[in-house]
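Peer 1: Contents of run_4.cif (mmCIF, C-alpha atoms):
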```cif
data_structure
loop_
_atom_site.label_atom_id
_atom_site.label_comp_id
_atom_site.auth_asym_id
_atom_site.auth_seq_id
_atom_site.Cartn_x
_atom_site.Cartn_y
_atom_site.Cartn_z
CA MET A 9 40.81 -5.92 12.56
CA LYS A 10 37.30 -7.14 11.68
CA LYS A 11 36.50 -7.59 15.37
CA HIS A 12 37.57 -3.99 16.03
CA ILE A 13 35.31 -2.68 13.23
CA VAL A 14 32.35 -4.73 14.50
CA ASN A 15 32.90 -3.43 18.05
CA CYS A 16 33.02 0.16 16.78
CA MET A 17 29.78 -0.35 14.84
CA ILE A 18 28.07 -1.76 17.94
CA VAL A 19 29.18 1.24 20.01
CA VAL A 20 27.88 3.67 17.36
CA ILE A 21 24.51 1.91 17.10
CA LEU A 22 24.10 1.77 20.88
CA SER A 23 24.97 5.44 21.24
CA ILE A 24 22.35 6.34 18.63
CA ILE A 25 19.71 4.29 20.41
CA VAL A 26 20.57 5.72 23.82
CA SER A 27 20.60 9.30 22.51
CA CYS A 28 16.95 9.08 21.34
CA LYS A 29 14.62 10.69 23.82
CA LYS A 30 11.65 8.59 24.79
CA THR A 31 9.30 11.53 24.29
CA ASP A 32 10.46 12.00 20.69
CA LEU A 33 9.90 8.33 19.97
CA GLU A 34 6.44 8.42 21.56
CA LYS A 35 5.58 11.50 19.46
CA VAL A 36 6.56 9.75 16.20
CA VAL A 37 4.59 6.62 17.10
CA THR A 38 1.53 8.71 18.01
CA GLU A 39 1.74 10.65 14.73
CA ILE A 40 1.90 7.41 12.75
CA GLN A 41 -1.06 5.93 14.63
CA THR A 42 -3.24 9.02 14.20
CA GLU A 43 -2.32 9.63 10.56
CA ASP A 44 -5.21 7.46 9.39
CA LYS A 45 -8.68 7.41 10.86
CA LYS A 46 -8.47 3.66 11.27
CA LYS A 47 -5.52 1.36 11.87
CA VAL A 48 -3.60 0.35 8.75
CA ASP A 49 -1.94 -3.07 8.97
CA TYR A 50 0.37 -2.53 5.99
CA ASP A 51 1.40 0.89 4.68
CA LEU A 52 2.49 0.23 1.10
CA SER A 53 2.37 3.97 0.33
CA ILE A 54 5.89 4.42 1.72
CA MET A 55 7.39 1.62 -0.38
CA ASN A 56 9.45 2.14 -3.50
CA TYR A 57 8.90 0.12 -6.68
CA ASN A 58 11.12 -2.81 -5.67
CA MET A 59 9.63 -3.14 -2.19
CA PHE A 60 6.08 -2.83 -3.52
CA SER A 61 6.74 -5.49 -6.18
CA ALA A 62 8.22 -7.86 -3.62
CA PHE A 63 5.33 -7.25 -1.21
CA THR A 64 2.63 -7.92 -3.83
CA TYR A 65 4.49 -11.11 -4.78
CA GLU A 66 4.48 -12.10 -1.10
CA ILE A 67 0.71 -11.51 -1.02
CA MET A 68 0.27 -13.90 -3.94
CA CYS A 69 2.49 -16.55 -2.31
CA ASP A 70 1.04 -16.35 1.22
CA THR A 71 -2.43 -14.94 0.61
CA GLU A 72 -4.07 -16.17 3.82
CA LYS A 73 -1.67 -14.05 5.90
CA TYR A 74 -3.00 -10.86 4.27
CA ILE A 75 -6.75 -11.55 4.03
CA ASN A 76 -8.88 -9.01 5.95
CA LYS A 77 -5.85 -6.75 6.52
CA ARG A 78 -6.13 -2.99 5.95
CA MET A 79 -3.59 -1.58 3.52
CA LYS A 80 -2.68 1.86 2.30
CA ILE A 81 -1.40 2.28 -1.25
CA LYS A 82 -0.25 5.43 -3.05
CA GLY A 83 0.51 5.73 -6.75
CA ASN A 84 -0.82 6.80 -10.15
CA PHE A 85 -4.52 6.30 -10.84
CA ASP A 86 -5.52 4.27 -13.87
CA SER A 87 -8.82 2.98 -15.17
CA SER A 88 -9.45 0.70 -18.12
CA ILE A 89 -12.14 -1.49 -19.61
CA TYR A 90 -11.50 -5.18 -20.23
CA GLU A 91 -14.18 -7.46 -21.68
CA GLY A 92 -16.85 -4.86 -20.93
CA LYS A 93 -15.91 -4.39 -17.26
CA ARG A 94 -14.24 -1.26 -15.83
CA TYR A 95 -11.16 -1.78 -13.66
CA PHE A 96 -9.49 0.72 -11.31
CA SER A 97 -5.79 0.54 -10.44
CA VAL A 98 -3.05 2.15 -8.41
CA LEU A 99 0.24 1.96 -10.32
CA ILE A 100 3.77 2.31 -8.99
CA TRP A 101 6.41 2.95 -11.66
CA ASP A 102 10.00 1.74 -11.69
CA PRO A 103 12.77 4.38 -11.72
CA THR A 104 13.12 4.26 -15.51
CA GLY A 105 9.39 4.83 -16.03
CA CYS A 106 8.98 1.81 -18.28
CA CYS A 107 7.47 -0.90 -16.11
CA PRO A 108 4.60 -0.31 -13.69
CA THR A 109 3.42 -2.67 -11.03
CA GLY A 110 0.27 -2.08 -9.09
CA MET A 111 -2.93 -3.29 -7.60
CA ASP A 112 -6.49 -3.20 -8.85
CA PHE A 113 -9.10 -2.01 -6.38
CA LEU A 114 -12.87 -2.08 -6.05
CA PRO A 115 -14.01 1.47 -5.24
CA PRO A 116 -16.57 2.19 -2.54
CA GLU A 117 -20.13 1.79 -3.84
CA SER A 118 -20.73 5.50 -3.24
CA MET A 119 -18.27 6.41 -6.02
CA THR A 120 -19.37 6.60 -9.66
CA TYR A 121 -17.03 6.82 -12.63
CA PRO A 122 -15.96 9.31 -13.96
CA THR A 123 -17.45 12.05 -11.73
CA ASP A 124 -16.03 10.79 -8.42
CA PHE A 125 -12.57 9.85 -9.71
CA PRO A 126 -9.40 11.77 -10.54
CA GLU A 127 -7.95 12.11 -14.00
CA LYS A 128 -5.72 9.30 -15.21
CA ASP A 129 -2.15 9.43 -13.77
CA ASN A 130 -3.13 11.65 -10.80
CA ILE A 131 -1.48 10.52 -7.57
CA ILE A 132 -4.08 8.79 -5.40
CA THR A 133 -4.08 7.15 -2.00
CA VAL A 134 -6.31 4.15 -1.47
CA ILE A 135 -7.02 2.59 1.92
CA GLY A 136 -8.87 -0.68 1.90
CA VAL A 137 -9.09 -4.33 2.89
CA LEU A 138 -7.84 -7.37 1.01
CA LYS A 139 -10.68 -9.90 0.74
CA TYR A 140 -11.99 -12.84 -1.20
CA THR A 141 -14.98 -11.72 -3.26
CA GLU A 142 -17.31 -13.99 -5.20
CA ILE A 143 -17.96 -12.70 -8.71
CA GLU A 144 -20.22 -14.72 -11.01
CA GLY A 145 -19.68 -17.87 -8.94
CA GLU A 146 -15.88 -17.52 -8.90
CA LYS A 147 -13.80 -16.59 -5.86
CA TYR A 148 -11.35 -13.71 -6.49
CA LEU A 149 -8.82 -11.88 -4.36
CA THR A 150 -9.89 -8.22 -4.31
CA PHE A 151 -8.67 -4.99 -2.72
CA ASN A 152 -11.86 -3.33 -1.47
CA ALA A 153 -11.32 0.40 -1.11
CA GLU A 154 -12.81 2.18 1.88
CA GLU A 155 -11.21 5.56 1.15
CA VAL A 156 -9.90 7.00 -2.10
CA SER A 157 -8.25 10.43 -1.98
CA TRP A 158 -6.18 12.69 -4.21
CA ASP A 159 -5.24 16.36 -4.52
CA LYS A 160 -8.05 18.17 -6.34
#
```
What would you get if you wrote out this structure as structure tokens?

Peer 2:
Amino acid sequence: MKKHIVNCMIVVILSIIVSCKKTDLEKVVTEIQTEDKKKVDYDLSIMNYNMFSAFTYEIMCDTEKYINKRMKIKGNFDSSIYEGKRYFSVLIWDPTGCCPTGMDFLPPESMTYPTDFPEKDNIITVIGVLKYTEIEGEKYLTFNAEEVSWDK
């Protein structure tokens, strides 16, 4: 019985694959590649809370794999001051709305706060590169934004 079910599933999957037209597939791939001006190595903007949390944990565990990679993140904008320094973040909320996870980013030098930033909790998209940055003699992992956009 199990073998019959597995065989049926294989037939269904193969028929789905075969039924896809090559031109449709090429069109989707082209749209994805031209969506951003530059290539994005990891598109976190399409991830839900659980996937985003797992991915950021993976970055912390295997950092070298992600250094100098371009990433795209979408979520709620937040800015706060800690020990006299302003921080900028993209937050992704869990389904219950109680527990955010997110990533801090360094904005492009051309942006000044608050005039060039959205209001708190606006949905923003940040495209940037994960790098090591030396701050006051210490080496930190930073997400350096190249583009920050939101609906105005």

Peer 1: Any idea what the distance is between CA of Tyr74 (chain A) and CA of Val137 (chain A)?

Peer 2: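 Computing the Euclidean distance for CA of Tyr74 (chain A) and CA of Val137 (chain A) yields 9.0 Å.
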
Peer 1: So which residues get picked by the PyMOL selection byres ((chain A and resi 112) around 9) here, written as a short mmCIF file (atom, residue, chain, number, x, y, z; two decimals) with C-alpha atoms, in the coordinates of the input?

Peer 2:
```
data_model
loop_
_atom_site.label_atom_id
_atom_site.label_comp_id
_atom_site.auth_asym_id
_atom_site.auth_seq_id
_atom_site.Cartn_x
_atom_site.Cartn_y
_atom_site.Cartn_z
CA TYR A 95 -11.16 -1.78 -13.66
CA PHE A 96 -9.49 0.72 -11.31
CA SER A 97 -5.79 0.54 -10.44
CA VAL A 98 -3.05 2.15 -8.41
CA LEU A 99 0.24 1.96 -10.32
CA GLY A 110 0.27 -2.08 -9.09
CA MET A 111 -2.93 -3.29 -7.60
CA PHE A 113 -9.10 -2.01 -6.38
CA LEU A 114 -12.87 -2.08 -6.05
CA THR A 150 -9.89 -8.22 -4.31
CA PHE A 151 -8.67 -4.99 -2.72
#
```

Peer 1: Just give me the gap between CA of Tyr121 (chain A) and CA of Leu52 (chain A) in Å, one decimal is fine.

Peer 2: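 Interatomic distance, CA of Tyr121 (chain A) to CA of Leu52 (chain A): 24.8 Å.
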
Peer 1: Written as JSON, numbers by chain, what is the full residue list that the PyMOL selection byres ((chain A and resi 58-67) around 12) yields on the file shown?

Peer 2: {"A": [50, 51, 52, 53, 54, 55, 56, 57, 68, 69, 70, 71, 72, 73, 74, 75, 77, 79, 80, 81, 82, 83, 98, 99, 100, 101, 102, 103, 107, 108, 109, 110, 111, 112, 138, 139, 149, 150, 151]}

Peer 1: Can you work out which one of A:Ile135, A:Ser118, A:Gly92, A:Asn84 has the shortest atom-to-atom distance to Gly105 (chain A), counting all atoms listed in the file?

Peer 2: A:Asn84

Peer 1: Given the file shown, determine the residues that the PyMOL selection byres ((chain A and resi 125) around 12) selects; report them as JSON, numbers by chain.

Peer 2: {"A": [85, 86, 87, 96, 97, 115, 116, 118, 119, 120, 121, 122, 123, 124, 126, 127, 128, 129, 130, 131, 132, 133, 134, 155, 156, 157, 158, 159, 160]}

Peer 1: Can you work out which one of A:Arg78, A:Glu91, A:Thr104, A:Val48 has the shortest atom-to-atom distance to Gly136 (chain A), counting all atoms listed in the file?

Peer 2: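 Result for the nearest residue to Gly136 (chain A): A:Arg78.
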
Peer 1: What is the CA of Glu146 (chain A) to CA of Lys93 (chain A) distance in Å?

Peer 2: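 CA of Glu146 (chain A) sits 15.6 Å away from CA of Lys93 (chain A).
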
Peer 1: Using only C-alpha atoms, which of the listed residues (A:Glu144, A:Ser88, A:Cys106, A:Asp49) sits closest to Asn76 (chain A)?

Peer 2: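 The shortest atom-to-atom distance to Asn76 (chain A) comes from A:Asp49.
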
Peer 1: Would you mind exporting region 27-156 of chain A with C-alpha atoms, as a PDB file, in the first residue's frame?

Peer 2:
```pdb
ATOM      1  CA  SER A  27       3.634  20.320 -17.694  1.00  0.00           C
ATOM      2  CA  CYS A  28       5.649  23.496 -16.943  1.00  0.00           C
ATOM      3  CA  LYS A  29       6.559  25.313 -20.124  1.00  0.00           C
ATOM      4  CA  LYS A  30      10.190  26.280 -20.402  1.00  0.00           C
ATOM      5  CA  THR A  31       9.266  29.798 -21.482  1.00  0.00           C
ATOM      6  CA  ASP A  32       7.181  30.339 -18.332  1.00  0.00           C
ATOM      7  CA  LEU A  33      10.052  29.169 -16.167  1.00  0.00           C
ATOM      8  CA  GLU A  34      12.516  31.416 -18.010  1.00  0.00           C
ATOM      9  CA  LYS A  35      10.138  34.370 -17.555  1.00  0.00           C
ATOM     10  CA  VAL A  36       9.923  33.821 -13.769  1.00  0.00           C
ATOM     11  CA  VAL A  37      13.702  33.486 -13.442  1.00  0.00           C
ATOM     12  CA  THR A  38      14.235  36.663 -15.497  1.00  0.00           C
ATOM     13  CA  GLU A  39      11.726  38.595 -13.373  1.00  0.00           C
ATOM     14  CA  ILE A  40      13.476  37.500 -10.183  1.00  0.00           C
ATOM     15  CA  GLN A  41      16.897  38.454 -11.550  1.00  0.00           C
ATOM     16  CA  THR A  42      15.778  41.896 -12.742  1.00  0.00           C
ATOM     17  CA  GLU A  43      13.725  42.713  -9.637  1.00  0.00           C
ATOM     18  CA  ASP A  44      16.746  44.300  -7.972  1.00  0.00           C
ATOM     19  CA  LYS A  45      19.285  46.533  -9.643  1.00  0.00           C
ATOM     20  CA  LYS A  46      22.079  44.319  -8.373  1.00  0.00           C
ATOM     21  CA  LYS A  47      22.195  40.620  -7.594  1.00  0.00           C
ATOM     22  CA  VAL A  48      20.902  39.643  -4.151  1.00  0.00           C
ATOM     23  CA  ASP A  49      22.518  36.531  -2.691  1.00  0.00           C
ATOM     24  CA  TYR A  50      19.876  35.984   0.002  1.00  0.00           C
ATOM     25  CA  ASP A  51      16.331  37.350  -0.190  1.00  0.00           C
ATOM     26  CA  LEU A  52      15.137  37.369   3.410  1.00  0.00           C
ATOM     27  CA  SER A  53      12.202  39.623   2.479  1.00  0.00           C
ATOM     28  CA  ILE A  54      10.152  36.588   1.424  1.00  0.00           C
ATOM     29  CA  MET A  55      10.734  34.696   4.675  1.00  0.00           C
ATOM     30  CA  ASN A  56       8.210  34.392   7.467  1.00  0.00           C
ATOM     31  CA  TYR A  57       9.144  34.893  11.130  1.00  0.00           C
ATOM     32  CA  ASN A  58      10.281  31.302  11.726  1.00  0.00           C
ATOM     33  CA  MET A  59      12.420  31.131   8.597  1.00  0.00           C
ATOM     34  CA  PHE A  60      13.947  34.553   9.261  1.00  0.00           C
ATOM     35  CA  SER A  61      14.772  33.592  12.867  1.00  0.00           C
ATOM     36  CA  ALA A  62      16.384  30.346  11.754  1.00  0.00           C
ATOM     37  CA  PHE A  63      18.357  32.119   9.025  1.00  0.00           C
ATOM     38  CA  THR A  64      19.724  34.811  11.362  1.00  0.00           C
ATOM     39  CA  TYR A  65      20.719  32.050  13.797  1.00  0.00           C
ATOM     40  CA  GLU A  66      22.517  30.298  10.924  1.00  0.00           C
ATOM     41  CA  ILE A  67      24.366  33.557  10.190  1.00  0.00           C
ATOM     42  CA  MET A  68      25.573  33.694  13.788  1.00  0.00           C
ATOM     43  CA  CYS A  69      26.686  30.032  13.719  1.00  0.00           C
ATOM     44  CA  ASP A  70      28.413  30.080  10.307  1.00  0.00           C
ATOM     45  CA  THR A  71      29.276  33.751   9.868  1.00  0.00           C
ATOM     46  CA  GLU A  72      32.097  33.338   7.345  1.00  0.00           C
ATOM     47  CA  LYS A  73      29.674  31.798   4.834  1.00  0.00           C
ATOM     48  CA  TYR A  74      27.626  35.021   4.765  1.00  0.00           C
ATOM     49  CA  ILE A  75      30.325  37.723   4.869  1.00  0.00           C
ATOM     50  CA  ASN A  76      30.257  40.041   1.821  1.00  0.00           C
ATOM     51  CA  LYS A  77      26.912  38.588   0.664  1.00  0.00           C
ATOM     52  CA  ARG A  78      24.104  40.914  -0.477  1.00  0.00           C
ATOM     53  CA  MET A  79      20.838  40.442   1.370  1.00  0.00           C
ATOM     54  CA  LYS A  80      17.372  41.885   1.073  1.00  0.00           C
ATOM     55  CA  ILE A  81      15.272  42.289   4.207  1.00  0.00           C
ATOM     56  CA  LYS A  82      11.718  43.592   4.590  1.00  0.00           C
ATOM     57  CA  GLY A  83       9.971  44.407   7.853  1.00  0.00           C
ATOM     58  CA  ASN A  84       8.998  47.152  10.284  1.00  0.00           C
ATOM     59  CA  PHE A  85      11.401  50.069  10.716  1.00  0.00           C
ATOM     60  CA  ASP A  86      12.642  50.860  14.197  1.00  0.00           C
ATOM     61  CA  SER A  87      15.215  53.265  15.561  1.00  0.00           C
ATOM     62  CA  SER A  88      16.449  53.624  19.113  1.00  0.00           C
ATOM     63  CA  ILE A  89      19.272  55.145  21.102  1.00  0.00           C
ATOM     64  CA  TYR A  90      21.472  52.982  23.317  1.00  0.00           C
ATOM     65  CA  GLU A  91      24.359  54.448  25.308  1.00  0.00           C
ATOM     66  CA  GLY A  92      24.242  57.620  23.225  1.00  0.00           C
ATOM     67  CA  LYS A  93      24.374  55.868  19.837  1.00  0.00           C
ATOM     68  CA  ARG A  94      21.444  55.636  17.388  1.00  0.00           C
ATOM     69  CA  TYR A  95      20.606  52.198  16.008  1.00  0.00           C
ATOM     70  CA  PHE A  96      18.415  51.339  13.008  1.00  0.00           C
ATOM     71  CA  SER A  97      16.580  48.020  12.707  1.00  0.00           C
ATOM     72  CA  VAL A  98      14.304  45.972  10.489  1.00  0.00           C
ATOM     73  CA  LEU A  99      11.926  43.920  12.643  1.00  0.00           C
ATOM     74  CA  ILE A 100       9.927  40.846  11.692  1.00  0.00           C
ATOM     75  CA  TRP A 101       7.100  39.992  14.095  1.00  0.00           C
ATOM     76  CA  ASP A 102       5.835  36.552  15.032  1.00  0.00           C
ATOM     77  CA  PRO A 103       2.193  35.700  14.219  1.00  0.00           C
ATOM     78  CA  THR A 104       0.984  36.657  17.702  1.00  0.00           C
ATOM     79  CA  GLY A 105       2.648  40.077  17.521  1.00  0.00           C
ATOM     80  CA  CYS A 106       4.506  39.632  20.793  1.00  0.00           C
ATOM     81  CA  CYS A 107       8.060  38.724  19.855  1.00  0.00           C
ATOM     82  CA  PRO A 108      10.033  40.464  17.121  1.00  0.00           C
ATOM     83  CA  THR A 109      13.270  39.301  15.624  1.00  0.00           C
ATOM     84  CA  GLY A 110      15.273  41.437  13.295  1.00  0.00           C
ATOM     85  CA  MET A 111      18.529  42.846  12.133  1.00  0.00           C
ATOM     86  CA  ASP A 112      20.242  46.141  12.825  1.00  0.00           C
ATOM     87  CA  PHE A 113      21.633  47.969   9.818  1.00  0.00           C
ATOM     88  CA  LEU A 114      24.036  50.801   9.140  1.00  0.00           C
ATOM     89  CA  PRO A 115      22.303  53.228   6.753  1.00  0.00           C
ATOM     90  CA  PRO A 116      24.081  54.706   3.742  1.00  0.00           C
ATOM     91  CA  GLU A 117      26.145  57.755   4.695  1.00  0.00           C
ATOM     92  CA  SER A 118      23.913  59.907   2.486  1.00  0.00           C
ATOM     93  CA  MET A 119      20.954  59.373   4.853  1.00  0.00           C
ATOM     94  CA  THR A 120      20.426  61.576   7.914  1.00  0.00           C
ATOM     95  CA  TYR A 121      18.013  60.848  10.726  1.00  0.00           C
ATOM     96  CA  PRO A 122      15.122  61.713  10.960  1.00  0.00           C
ATOM     97  CA  THR A 123      14.618  63.523   7.623  1.00  0.00           C
ATOM     98  CA  ASP A 124      15.655  60.631   5.353  1.00  0.00           C
ATOM     99  CA  PHE A 125      13.908  57.855   7.297  1.00  0.00           C
ATOM    100  CA  PRO A 126      10.327  56.600   7.550  1.00  0.00           C
ATOM    101  CA  GLU A 127       8.216  56.804  10.668  1.00  0.00           C
ATOM    102  CA  LYS A 128       8.624  54.030  13.207  1.00  0.00           C
ATOM    103  CA  ASP A 129       6.799  50.773  12.244  1.00  0.00           C
ATOM    104  CA  ASN A 130       6.576  51.659   8.521  1.00  0.00           C
ATOM    105  CA  ILE A 131       7.356  48.681   6.297  1.00  0.00           C
ATOM    106  CA  ILE A 132      10.832  49.128   4.819  1.00  0.00           C
ATOM    107  CA  THR A 133      13.028  47.141   2.485  1.00  0.00           C
ATOM    108  CA  VAL A 134      16.763  47.205   3.057  1.00  0.00           C
ATOM    109  CA  ILE A 135      19.326  45.823   0.619  1.00  0.00           C
ATOM    110  CA  GLY A 136      22.871  45.636   1.849  1.00  0.00           C
ATOM    111  CA  VAL A 137      26.006  43.622   2.516  1.00  0.00           C
ATOM    112  CA  LEU A 138      26.991  41.729   5.646  1.00  0.00           C
ATOM    113  CA  LYS A 139      30.510  42.789   6.672  1.00  0.00           C
ATOM    114  CA  TYR A 140      32.936  43.003   9.536  1.00  0.00           C
ATOM    115  CA  THR A 141      33.305  46.642  10.572  1.00  0.00           C
ATOM    116  CA  GLU A 142      35.840  48.002  13.031  1.00  0.00           C
ATOM    117  CA  ILE A 143      34.259  50.362  15.545  1.00  0.00           C
ATOM    118  CA  GLU A 144      36.468  51.912  18.234  1.00  0.00           C
ATOM    119  CA  GLY A 145      39.091  49.185  17.798  1.00  0.00           C
ATOM    120  CA  GLU A 146      36.554  46.333  18.024  1.00  0.00           C
ATOM    121  CA  LYS A 147      35.482  44.127  15.128  1.00  0.00           C
ATOM    122  CA  TYR A 148      31.678  43.861  14.720  1.00  0.00           C
ATOM    123  CA  LEU A 149      29.404  42.052  12.294  1.00  0.00           C
ATOM    124  CA  THR A 150      27.327  44.737  10.553  1.00  0.00           C
ATOM    125  CA  PHE A 151      24.643  44.866   7.867  1.00  0.00           C
ATOM    126  CA  ASN A 152      25.680  47.807   5.690  1.00  0.00           C
ATOM    127  CA  ALA A 153      22.671  49.149   3.809  1.00  0.00           C
ATOM    128  CA  GLU A 154      23.098  50.212   0.201  1.00  0.00           C
ATOM    129  CA  GLU A 155      19.406  50.903  -0.424  1.00  0.00           C
ATOM    130  CA  VAL A 156      16.608  51.704   2.005  1.00  0.00           C
TER     131      VAL A 156
END
```
